[in-house]
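Trainee: Structure in structure tokens, see below.
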Amino acid sequence: MLNRVMIIGRLGRDPELRYTQSGSPVASLRIATDESYTDKDGNRMERTEWHSVVVFQRAAENCNQYLRKGSLVYVEGKLTTRKWQDQNGQDRYTTEIRADRVQFLDRRNSTPGMEGDDMNGGMGGGYTPPRFQQTRQGGAPMQRQAPRRAPQQDSYEDLGPAFPSEASTMDDIPF
């Protein structure tokens with residue numbers, strides 16, 4: 001059996017961070033994916049699909065810190081449905097993506113405050129720690145920089161616009 005979801009889309013609003021009773025961070029994201037096609041009459045049609053995404057632990061905190069409405073993200077996870085009761089005691093069901101991985105796709109410095117590419121600190125260079133001060137014996141501060149890394153290219157290719165509607169020359173080919 002396979003339950004795998006992969007989407008690339010833009011946040012429709014800022015992440016919402018909350019904490020469970022045990023103190024674990026949980027972030028909720030609303031992500032829009034978009035597709036355009038030509039109907040049988042030759043009219044250009046566009047459809048936006050909204051996805052609810054749930055992110056846990058340190059990844060939730062990273063999403064809350066670095067993502068904002070409009071941020072472009074890649075999400076990989078599994079589809080889950082949970083049952084809950086509304087105020088009237090009626091059973092309700094919510095289907096959402098439980099994220100295993102969220103990769104920030106906006107170019108560095110294109111989103112204010114964004115310094116990392118991947119919530120797991122993995123691909124794309126990840127988070128670069130800020131410079132910090134250390135004190136010498138005698139209390140005089142000395143400047144120390146984070147170790148330099150060899151220059152590298154971004155780990156993701158320029159895949160073009162997130163939504164086909166953002167490109168005027170994009171084909172109608174679905175693959």
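Naming scheme: A, B, ... for chains in displayed order of the structure tokens; residues 1 onward per chain; ligands 1 onward as shown.
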Show which residues sit within 9 Å of range 55-63 of chain A, as a VMD selection string. Count only C-alpha atoms, and ignore same-chain residues fewer than 4 positions away.

Mentor: chain A and resid 15 17 24 to 29 67 to 68 97 to 102 104 116 118 to 120

Trainee: How about saving the chosen residues, C-alpha atoms kept, as a PDB file, in the first residue's frame?

Mentor:
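The file below, out-v6.pdb, is the result:
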ATOM      1  CA  PRO A  15       1.111  29.627   9.274  1.00  0.00           C
ATOM      2  CA  LEU A  17       1.290  27.698  15.303  1.00  0.00           C
ATOM      3  CA  SER A  24       4.656  19.845  21.151  1.00  0.00           C
ATOM      4  CA  PRO A  25       4.444  22.503  18.428  1.00  0.00           C
ATOM      5  CA  VAL A  26       1.963  22.003  15.570  1.00  0.00           C
ATOM      6  CA  ALA A  27       1.648  24.313  12.563  1.00  0.00           C
ATOM      7  CA  SER A  28      -1.313  24.458  10.202  1.00  0.00           C
ATOM      8  CA  LEU A  29      -0.761  25.606   6.634  1.00  0.00           C
ATOM      9  CA  LEU A  67       6.994  31.212   5.941  1.00  0.00           C
ATOM     10  CA  ARG A  68       4.440  33.900   5.204  1.00  0.00           C
ATOM     11  CA  ILE A  97      -1.752  16.299   4.556  1.00  0.00           C
ATOM     12  CA  ARG A  98       0.487  15.278   7.446  1.00  0.00           C
ATOM     13  CA  ALA A  99       3.832  16.685   6.314  1.00  0.00           C
ATOM     14  CA  ASP A 100       7.009  14.652   6.570  1.00  0.00           C
ATOM     15  CA  ARG A 101       8.966  17.324   4.695  1.00  0.00           C
ATOM     16  CA  VAL A 102       8.436  20.983   3.842  1.00  0.00           C
ATOM     17  CA  PHE A 104      10.986  26.393   1.213  1.00  0.00           C
ATOM     18  CA  GLY A 116      16.705  28.494   5.268  1.00  0.00           C
ATOM     19  CA  ASP A 118      14.372  23.192   4.141  1.00  0.00           C
ATOM     20  CA  MET A 119      12.634  22.673   7.445  1.00  0.00           C
ATOM     21  CA  ASN A 120      14.859  19.703   8.154  1.00  0.00           C
TER      22      ASN A 120
END

Trainee: Going by DSSP on the backbone, which residues of range 1-55 of chain A come out as strand (DSSP E or B)? List them as a PyMOL selection string.

Mentor: chain A and resi 5-11+16-19+25-38+44-55

Trainee: May I ask which of the residues A:Thr38, A:Ser22, A:Thr95, A:Gln87 is the closest one to Val54 in chain A, counting only C-alpha atoms?

Mentor: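 Nearest to Val54 in chain A: A:Thr95.
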
Trainee: Kindly indicate which residue among A:His51, A:Asp41, A:Asn64, A:Asp91 lies nearest to Leu79 in chain A, using only C-alpha atoms for the distances.

Mentor: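 Checking each candidate against Leu79 in chain A, we get A:His51 as the closest.
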
Trainee: Residues near Trp50 in chain A, anyone? I mean within 7 Å using only C-alpha atoms, not counting same-chain ones fewer than 5 positions away, as a ChimeraX atom specification.

Mentor: /A:30-33

Trainee: When you look at Thr81 in chain A with a cut-off of 7 Å (counting only C-alpha atoms), what residues show up, excluding the ones that are within fewer than 3 positions of it in the same chain? I need them as a ChimeraX atom specification.

Mentor: /A:93-96

Trainee: Would you mind reading off the distance between CA of Met45 in chain A and CA of Arg10 in chain A, one decimal, in Å?

Mentor: 19.4 Å

Trainee: Report, in Å to a single decimal, how far apart CA of Thr20 in chain A and CA of Val75 in chain A are.

Mentor: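 Computing the Euclidean distance for CA of Val75 in chain A and CA of Thr20 in chain A yields 22.1 Å.
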
Trainee: Pick from A:Gly77, A:Gly89, A:Gly70, A:Gly42: nearest to Met6 in chain A, with only C-alpha atoms counted?

Mentor: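 Selected residue with least distance to Met6 in chain A: A:Gly77.
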
Trainee: Suppose you want the space between CA of Arg18 in chain A and CA of Gln90 in chain A; what is it in Å?

Mentor: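 Taking CA of Arg18 in chain A as the start and CA of Gln90 in chain A as the end point, the length is 24.2 Å.
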
Trainee: Check the smallest atom-to-atom distance from each of A:Tyr37, A:Leu72, A:Met1, A:Arg47 to Asp14 in chain A using only C-alpha atoms, then report the winner.

Mentor: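 Of all the options, A:Leu72 lies closest to Asp14 in chain A.
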